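Read through the structure below, which is laid out as structure tokens, and then see the notes.
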Amino acid sequence: MELTDDTAARMSDEERLLRDALGADLVGSLRVLSREPSGHGALTGFEEAGATPRYWYVDTSGKRVEVETGLVLGDPAHPEARIWLHPADPWLPALAPASFPDAAATLMARMGVAIDRRPELLVYRPCKRAMFRMRAGDRDTYLKIVRPASSAAIVQLQESLRAGGVPVPPITGWSELGIVLTETADGVPLTSRLDALDPERLLDSIEALRERMGGVDTGRDARHSLASRTPWYLDRMRAALDRAGAAGDDASAVRAALATLERALDATDASAVDDAERRTVHGDLHVGQLFVAEDDASRISGVIDIDTAGLGDPADDEAALLGHLVASIALARAHAERAAGFRRLLDAGVARWLAPSRPSRARVAHRTAVHVLAHALAPTERGDLETAAVELALGAEILGRSEMPSVAPRT
């Protein structure tokens, strides 16, 4: 694909590596899907446009893997970068067989489950995990793909939480290949009942869930707080803005909102929580992980994706939920009712967890700012400055409120 000088100048380092390595094998335009810090570098996903899109991943972490599944640039012992085509993830060897119908049917049959439809990929976090819905008739089974070394620990973690009264789905099978099978969570997805929930009652139910989770000794630490990645996200955001150019109302809005968010980061508390306040947290809590009762949209009935759970700072879960709601509102802005549902919940969460009198407010505020920054990075990398501006401006708004009274549901 022929590139203009201007386009080439705006490339990220990862895109340049990908284009240099593949040359004429790349025939479609590239769009950034994701980017997150990893090791000494980053893990970046690209979609290559075409009749059948292809998904490329560039890993500059410098980490070694047992078996390479794509291209390796530099010394294999200390690679400058590795490039692979989805689903050949070198960290998740079970991903490829789970991704194709015939191979998936064979894989599931070995686990004692018959399927009669194509695998449905619900979640993919490169190098970390993937989740498939596998169907047979009216029955759904969820196949989680993780790193092989992690599968036993995840099973133990999930069973510990379940024994402690946390409503995680039951595990029906697992393998040291990096496979965990679970049943469907009780209830229905929270995001399907936004119009019917009462924000205050739902937050009370979320607090009760967190209290039960906090009482379980998992014997492990939670995922590292996003607060530790603040400089990385700021550097990448500035670089992405520089590549996008400074012209236009959206670019100006992003820069203005980013400046406000940076001031909020400077004014809040980035320190770690005292050991006495640490407890078991989810580690990646957001509305997509929560299920509610079919007869009561304000009562939590299930929680999923607990791989990140462990001993940590409760402020991280609160900030993750608030940051995800900010991103959800921005992404749903073309659907007024859905966006309003997320907004009602966000306002209630801000009033509760960012109340000026709350002792942990400064930590929650700092981590919320980082989550908003992290969510806004992806659309900025894609050149969708409108979405990034909405996310950053909303984040700056909720963090800039001098008073945070309870907010009545919006109509």
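Chain labels run A, B, ... following the order of the structure tokens; each chain numbers its residues from 1, and ligands are numbered from 1 in the order shown.
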| task | Mind checking which residues fall within 7 Å of A:Val146, counting only C-alpha atoms, ignoring those fewer than 6 positions away in the same chain, and posting them as a PyMOL selection string? | result | chain A and resi 92+128-130+178-179
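Looking only at stretch 172-210 of chain A, the set that DSSP places in alpha helix (DSSP H) from backbone geometry is Pro199, Glu200, Arg201, Leu202, Leu203, Asp204, Ser205, Ile206, Glu207, Ala208, Leu209 and Arg210 of chain A.
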Would you export the selected residues with N, CA and C atoms as a PDB file, in the first residue's frame, please?
ATOM      1  N   PRO A 199     -29.855   3.438  40.618  1.00  0.00           N
ATOM      2  CA  PRO A 199     -28.404   3.569  40.829  1.00  0.00           C
ATOM      3  C   PRO A 199     -27.966   3.379  42.273  1.00  0.00           C
ATOM      4  N   GLU A 200     -28.689   3.965  43.223  1.00  0.00           N
ATOM      5  CA  GLU A 200     -28.264   3.858  44.621  1.00  0.00           C
ATOM      6  C   GLU A 200     -28.376   2.423  45.136  1.00  0.00           C
ATOM      7  N   ARG A 201     -29.464   1.765  44.815  1.00  0.00           N
ATOM      8  CA  ARG A 201     -29.623   0.371  45.250  1.00  0.00           C
ATOM      9  C   ARG A 201     -28.597  -0.530  44.589  1.00  0.00           C
ATOM     10  N   LEU A 202     -28.314  -0.267  43.305  1.00  0.00           N
ATOM     11  CA  LEU A 202     -27.308  -1.074  42.622  1.00  0.00           C
ATOM     12  C   LEU A 202     -25.945  -0.881  43.263  1.00  0.00           C
ATOM     13  N   LEU A 203     -25.578   0.359  43.572  1.00  0.00           N
ATOM     14  CA  LEU A 203     -24.284   0.605  44.215  1.00  0.00           C
ATOM     15  C   LEU A 203     -24.233  -0.051  45.593  1.00  0.00           C
ATOM     16  N   ASP A 204     -25.349  -0.054  46.318  1.00  0.00           N
ATOM     17  CA  ASP A 204     -25.385  -0.772  47.592  1.00  0.00           C
ATOM     18  C   ASP A 204     -25.086  -2.254  47.373  1.00  0.00           C
ATOM     19  N   SER A 205     -25.656  -2.828  46.313  1.00  0.00           N
ATOM     20  CA  SER A 205     -25.438  -4.240  46.023  1.00  0.00           C
ATOM     21  C   SER A 205     -23.996  -4.497  45.585  1.00  0.00           C
ATOM     22  N   ILE A 206     -23.420  -3.567  44.828  1.00  0.00           N
ATOM     23  CA  ILE A 206     -22.011  -3.692  44.443  1.00  0.00           C
ATOM     24  C   ILE A 206     -21.119  -3.622  45.677  1.00  0.00           C
ATOM     25  N   GLU A 207     -21.442  -2.722  46.600  1.00  0.00           N
ATOM     26  CA  GLU A 207     -20.680  -2.624  47.852  1.00  0.00           C
ATOM     27  C   GLU A 207     -20.761  -3.932  48.638  1.00  0.00           C
ATOM     28  N   ALA A 208     -21.942  -4.546  48.669  1.00  0.00           N
ATOM     29  CA  ALA A 208     -22.096  -5.818  49.379  1.00  0.00           C
ATOM     30  C   ALA A 208     -21.256  -6.906  48.717  1.00  0.00           C
ATOM     31  N   LEU A 209     -21.237  -6.906  47.384  1.00  0.00           N
ATOM     32  CA  LEU A 209     -20.398  -7.859  46.649  1.00  0.00           C
ATOM     33  C   LEU A 209     -18.935  -7.646  46.994  1.00  0.00           C
ATOM     34  N   ARG A 210     -18.490  -6.400  46.998  1.00  0.00           N
ATOM     35  CA  ARG A 210     -17.096  -6.097  47.314  1.00  0.00           C
ATOM     36  C   ARG A 210     -16.759  -6.480  48.753  1.00  0.00           C
TER      37      ARG A 210
END
| Which is closest to A:Val326 among A:Glu397, A:Glu14, A:Glu120, A:Asp384, if we use only C-alpha atoms? |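 Nearest to A:Val326: A:Glu397.
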| message | Could you tell me how far atom CA of A:Ala334 sits from atom CA of A:Ser252, in Å to one decimal place? | response | 22.0 Å
| query | A:Val155: which residues within 9 Å, counting only C-alpha atoms, same-chain residues fewer than 4 positions away excluded, as a list in words? | reply | Ser150, Ser151, Glu159, Ser160, Ile171, Trp174 and Val180 of chain A
Please dump the current selection as a CSV table (one decimal), in the first residue's frame; keep N, CA and C atoms.
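And here's selection07.csv as it stands now:
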chain,number,residue,atom,x,y,z
A,150,SER,N,-1.1,-20.3,34.2
A,150,SER,CA,-2.1,-19.6,35.1
A,150,SER,C,-3.4,-20.4,35.3
A,151,SER,N,-3.6,-21.4,34.5
A,151,SER,CA,-5.0,-22.0,34.6
A,151,SER,C,-5.3,-22.6,36.0
A,159,GLU,N,-12.6,-20.9,42.8
A,159,GLU,CA,-13.2,-21.8,43.8
A,159,GLU,C,-13.2,-21.1,45.2
A,160,SER,N,-12.1,-20.4,45.5
A,160,SER,CA,-12.0,-19.8,46.8
A,160,SER,C,-13.0,-18.7,46.9
A,171,ILE,N,-17.1,-23.7,37.8
A,171,ILE,CA,-16.2,-24.2,36.8
A,171,ILE,C,-16.6,-25.7,36.5
A,174,TRP,N,-11.2,-27.9,33.3
A,174,TRP,CA,-10.0,-27.0,33.0
A,174,TRP,C,-8.9,-27.9,32.5
A,180,VAL,N,-10.1,-22.9,30.8
A,180,VAL,CA,-11.0,-23.0,31.9
A,180,VAL,C,-12.4,-22.9,31.4
| remark: Judged by only C-alpha atoms, the minimum distance to A:Ala21 among A:Leu241, A:Val67, A:Val370, A:Ile83 is found for A:Ile83
| remark: Pairwise distance, atom CA of A:Arg338 with atom CA of A:Asp195, equals 7.6 Å
| Could you name the residues that touch A:Asp317 at 7 Å or less, counting only C-alpha atoms, but leaving out those on the same chain fewer than 5 positions away, as a list in words? | Val281, His282, Gly283, Asp284 and Leu285 of chain A
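Atom CA of A:Gly187 to atom CA of A:Ser298 spans 11.4 Å [interatomic distance, one decimal].
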| query | Which residue out of A:Val390, A:Leu33, A:His224, A:Ala149 has the minimum interatomic distance to A:Val254 when only C-alpha atoms are used? | reply | A:Val390
| request: Tell me, as a list in words, which residues lie within 12 Å of A:Pro231, counting only C-alpha atoms; anything in the same chain fewer than 3 positions away does not count. | output: Pro37, Leu226, Ala227, Ser228, Leu234, Asp235, Arg236, Met237, Arg238, Glu262, Leu265, Asp266, Ala270, Val370, Leu373 and Ala374 of chain A
